[in-house]
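One structure is given here, and the rest of the page talks about it.
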Amino acid sequence: MPAPKNHFKAALKAHQPQIGLWLNMGEALTAEIAGHAGFDWLVIDGEHGPNDLRSILSQLQALAASPSEIVVRPPVGETWIVKQLLDIGARTLLVPMVDSAKQAQELVRAVRYPPQGVRGVGAAVARASRFNAIPDYAETAADEICLIVQAETMAAIRDLENIAAVDGVDGIFIGPADLSADMGYLGRMEAPEVQEVIEKAIATIVKAGKAAGILTFSESLNRHYLDLGASFVAVGADVAEFSGALRALASRYGRGAGALKPRSGY
């Protein structure tokens with residue numbers, strides 16, 4: 001029996017638009033709720049969410065019955081953490097701050113077993129193989145692991161064609177917040193100069209035959225990127241949606257941020 005089918009990877013290969021949501025709360029219950037909301041993919045965020053290996057595991061378990069495909073973002077693109085995330089069942093990784101083709105090549109090796117890569121061979125005791133219930137997991141895992149690298153700096157943009165040419169990279173995700181900051185437009189990703197770079201980057205990725213992705217909280221921008229050929233677009237984050245909904249509810253009753261005085265103590 002081969003490794004389970006990664007429908008997200010198949011959709012990216014077919015250039016089918018996939019709409020996603022960021023999970024930053026670090027909680028299994030809220031992740032499970034999001035898993036039944038109708039998104040094509042969900043990102044468990046280990047870079048900017050309060051997550052560690054065990055909380056990511058809990059969310060993977062909570063989302064096991066979800067129709068959404070699960071993407072895990074490690075805090076850094078290091079071989080040791082890639083190995084751990086794959087073993088606990090992550091099938092799609094979104095790796096931040098990949099600035100060069102050389103980094104991308106190293107990550108491809110990190111997600112593959114020897115002799116093609118350097119992933120530690122421990123599938124027999126790993127959740128990824130359903131604890132050895134998939135006897136040929138090690139032989140088939142690479143076919144279903146999806147590797148997405150993030151281009152978030154001008155260094156990455158300058159090397160984008162080479163990054164996109166790396167065999168084993170399934171998609172490239174533009175990080176607009178960090179990219180705009182690196183360009184000198186901190187907090188202003190909608191600046192025309194930033195948008196010009198993003199649009200050219202999407203075109204470069206698509207021309208190379210790879211899937212292009214991005215996250216913004218702007219519906220108009222998200223639809224624009226889809227029209228440009230982006231295959232996977234994240235349209236929000238659980239924290240932003242939750243906090244926004246609560247503030248809206250409070251405001252309907254004349255309450256809101258700053259309306260109530262904080263308690264002086266316990």
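Ordering of the structure tokens sets the chain letters (A, B, ...); residue numbers start at 1 within each chain; ligands are numbered from 1 in the order shown.
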
Residues of stretch 42-229 of chain A in strand (DSSP E) according to DSSP, as a list in words?
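Taking stretch 42-229 of chain A and keeping strand (DSSP E) gives Leu42, Val43, Ile44, Asp45, Glu69, Ile70, Val71, Val72, Arg73, Thr92, Leu93, Leu94, Val95, Cys146, Leu147, Ile148, Val149, Gln150, Ala151, Gly171, Ile172, Phe173, Ile174, Ala211, Ala212, Gly213, Ile214 and Leu215 of chain A.
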
Taking the DSSP secondary structure from the backbone, can you list the residues of stretch 38-192 of chain A that are helix (DSSP H, G or I), as a PyMOL selection string?
chain A and resi 53-62+79-87+101-110+123-125+127-129+137-144+154-158+160-164+176-182+192

Which residue, A:Met25, A:Val169, A:Ala64, A:Val149, has the smallest gap to A:Asn51 when you use only C-alpha atoms?
A:Met25

Nearest candidate to A:Gly20 (options A:Asp170, A:Glu190, A:Asn6, A:Phe217; using only C-alpha atoms):
A:Phe217

Distance atom CA of A:Lys9-atom CA of A:Thr30, one decimal place?
24.5 Å

Neighbours of A:Ile214 within 10 Å (only C-alpha atoms; same-chain residues fewer than 5 positions away dropped), as JSON, numbers by chain?
{"A": [20, 150, 151, 172, 173, 174, 175, 176, 198, 202, 222, 225, 226, 230, 231, 232, 233, 234, 235]}

Ranking A:Pro115, A:Gly120, A:Gly77, A:Pro135 by minimum distance to A:Ile148 and counting only C-alpha atoms, which one comes first?
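Nearest to A:Ile148: A:Gly77.
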
Quick one: residues within 12 Å of A:Asp136, only C-alpha atoms counted, chain neighbours fewer than 6 positions away excluded, as a VMD selection string?
chain A and resid 1 to 4 123 to 124 128 to 130 142

Write a file of the selected residues as a PDB file, in the first residue's frame, keeping N, CA, C and O atoms.
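What landed in selection_13.pdb:
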```pdb
ATOM      1  N   MET A   1       0.848  -1.199   0.000  1.00  0.00           N
ATOM      2  CA  MET A   1       0.000   0.000   0.000  1.00  0.00           C
ATOM      3  C   MET A   1       0.881   1.246   0.000  1.00  0.00           C
ATOM      4  O   MET A   1       1.777   1.381   0.828  1.00  0.00           O
ATOM      5  N   PRO A   2       0.642   2.170  -0.963  1.00  0.00           N
ATOM      6  CA  PRO A   2       1.481   3.370  -1.052  1.00  0.00           C
ATOM      7  C   PRO A   2       1.081   4.430  -0.032  1.00  0.00           C
ATOM      8  O   PRO A   2       0.047   4.315   0.641  1.00  0.00           O
ATOM      9  N   ALA A   3       1.889   5.485   0.074  1.00  0.00           N
ATOM     10  CA  ALA A   3       1.576   6.616   0.934  1.00  0.00           C
ATOM     11  C   ALA A   3       0.268   7.254   0.478  1.00  0.00           C
ATOM     12  O   ALA A   3      -0.066   7.244  -0.707  1.00  0.00           O
ATOM     13  N   PRO A   4      -0.513   7.805   1.414  1.00  0.00           N
ATOM     14  CA  PRO A   4      -1.811   8.397   1.054  1.00  0.00           C
ATOM     15  C   PRO A   4      -1.676   9.509   0.022  1.00  0.00           C
ATOM     16  O   PRO A   4      -0.700  10.257   0.007  1.00  0.00           O
ATOM     17  N   ALA A 123      10.451   5.592   9.488  1.00  0.00           N
ATOM     18  CA  ALA A 123       9.027   5.489   9.176  1.00  0.00           C
ATOM     19  C   ALA A 123       8.314   4.411   9.980  1.00  0.00           C
ATOM     20  O   ALA A 123       7.117   4.525  10.246  1.00  0.00           O
ATOM     21  N   ALA A 124       9.025   3.388  10.376  1.00  0.00           N
ATOM     22  CA  ALA A 124       8.380   2.274  11.068  1.00  0.00           C
ATOM     23  C   ALA A 124       7.750   2.695  12.393  1.00  0.00           C
ATOM     24  O   ALA A 124       6.791   2.070  12.858  1.00  0.00           O
ATOM     25  N   ALA A 128       3.488   9.162  10.171  1.00  0.00           N
ATOM     26  CA  ALA A 128       3.381   9.299   8.720  1.00  0.00           C
ATOM     27  C   ALA A 128       3.055   7.978   8.040  1.00  0.00           C
ATOM     28  O   ALA A 128       2.320   7.937   7.041  1.00  0.00           O
ATOM     29  N   SER A 129       3.592   6.876   8.553  1.00  0.00           N
ATOM     30  CA  SER A 129       3.344   5.559   7.963  1.00  0.00           C
ATOM     31  C   SER A 129       2.205   4.830   8.669  1.00  0.00           C
ATOM     32  O   SER A 129       2.024   3.629   8.460  1.00  0.00           O
ATOM     33  N   ARG A 130       1.458   5.604   9.481  1.00  0.00           N
ATOM     34  CA  ARG A 130       0.417   5.013  10.331  1.00  0.00           C
ATOM     35  C   ARG A 130       1.019   3.917  11.197  1.00  0.00           C
ATOM     36  O   ARG A 130       0.467   2.850  11.380  1.00  0.00           O
ATOM     37  N   ALA A 142       7.923  10.121  -1.225  1.00  0.00           N
ATOM     38  CA  ALA A 142       8.342  11.291  -2.002  1.00  0.00           C
ATOM     39  C   ALA A 142       7.299  11.709  -3.031  1.00  0.00           C
ATOM     40  O   ALA A 142       7.161  12.898  -3.341  1.00  0.00           O
TER      41      ALA A 142
END
```

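Remark: for A:Ala164, the closest of the candidate residues A:Met97, A:Ala104, A:Ala37, A:Leu186 is A:Ala104 (distances computed over only C-alpha atoms).
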
Pick out the residues sitting within 7 Å of A:Leu21, and hand them over as an mmCIF file with N, CA and C atoms, in the first residue's frame; count only C-alpha atoms, and ignore anything fewer than 5 positions along from it in its own chain.
```cif
data_model
loop_
_atom_site.group_PDB
_atom_site.id
_atom_site.type_symbol
_atom_site.label_atom_id
_atom_site.label_comp_id
_atom_site.auth_asym_id
_atom_site.auth_seq_id
_atom_site.Cartn_x
_atom_site.Cartn_y
_atom_site.Cartn_z
ATOM 1 N N PHE A 39 -12.580 25.324 3.250
ATOM 2 C CA PHE A 39 -11.361 25.741 2.554
ATOM 3 C C PHE A 39 -10.671 24.536 1.913
ATOM 4 N N TRP A 41 -7.376 24.302 1.577
ATOM 5 C CA TRP A 41 -6.140 24.024 2.318
ATOM 6 C C TRP A 41 -6.048 24.929 3.534
ATOM 7 N N LEU A 42 -5.361 24.447 4.545
ATOM 8 C CA LEU A 42 -5.159 25.157 5.805
ATOM 9 C C LEU A 42 -3.684 25.112 6.160
ATOM 10 N N VAL A 43 -3.161 26.219 6.681
ATOM 11 C CA VAL A 43 -1.754 26.276 7.081
ATOM 12 C C VAL A 43 -1.650 26.293 8.599
ATOM 13 N N ALA A 234 -4.198 32.117 -0.059
ATOM 14 C CA ALA A 234 -4.786 32.144 1.281
ATOM 15 C C ALA A 234 -5.460 33.495 1.474
ATOM 16 N N VAL A 235 -6.679 33.478 1.998
ATOM 17 C CA VAL A 235 -7.510 34.680 2.000
ATOM 18 C C VAL A 235 -7.761 35.239 3.395
ATOM 19 N N GLY A 236 -7.153 34.638 4.419
ATOM 20 C CA GLY A 236 -7.362 35.127 5.775
ATOM 21 C C GLY A 236 -6.635 34.279 6.787
ATOM 22 N N ALA A 237 -6.837 34.629 8.050
ATOM 23 C CA ALA A 237 -6.225 33.902 9.169
ATOM 24 C C ALA A 237 -7.236 33.771 10.287
#
```

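The smallest atom-to-atom distance between A:Val98 and any of A:Val82, A:Gly49, A:Met154, A:Pro114, using only C-alpha atoms, is found for A:Met154.
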
Please identify all polymer residues within 9 Å of A:Gly89, counting only C-alpha atoms, omitting same-chain residues fewer than 2 positions from it, and present them as a PyMOL selection string.
chain A and resi 57+60-61+84-87+91+126-130

Saved selection, atoms kept: C-alpha atoms, as a PDB file, in the first residue's frame:
```pdb
ATOM      1  CA  LEU A  57       0.730  17.102  16.054  1.00  0.00           C
ATOM      2  CA  LEU A  60      -2.891  17.305  12.515  1.00  0.00           C
ATOM      3  CA  GLN A  61      -4.820  14.753  14.566  1.00  0.00           C
ATOM      4  CA  GLN A  84      10.246  15.768  12.599  1.00  0.00           C
ATOM      5  CA  LEU A  85       7.294  17.389  10.831  1.00  0.00           C
ATOM      6  CA  LEU A  86       7.244  14.748   8.106  1.00  0.00           C
ATOM      7  CA  ASP A  87       7.367  11.951  10.650  1.00  0.00           C
ATOM      8  CA  ARG A  91       2.660  15.938   3.839  1.00  0.00           C
ATOM      9  CA  ALA A 126       6.229   7.340  12.698  1.00  0.00           C
ATOM     10  CA  ARG A 127       2.667   8.604  12.403  1.00  0.00           C
ATOM     11  CA  ALA A 128       3.381   9.299   8.720  1.00  0.00           C
ATOM     12  CA  SER A 129       3.344   5.559   7.963  1.00  0.00           C
ATOM     13  CA  ARG A 130       0.417   5.013  10.331  1.00  0.00           C
TER      14      ARG A 130
END
```

Which of these, A:Glu27, A:Glu193, A:Glu69, A:Asp52, has the shortest distance to A:Asp40 once you count only C-alpha atoms?
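For A:Asp40, the nearest of the given residues is A:Glu69.
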
I'd like the interatomic distance between atom CA of A:Val125 and atom CA of A:Ser68, to a tenth of an Å.
25.6 Å
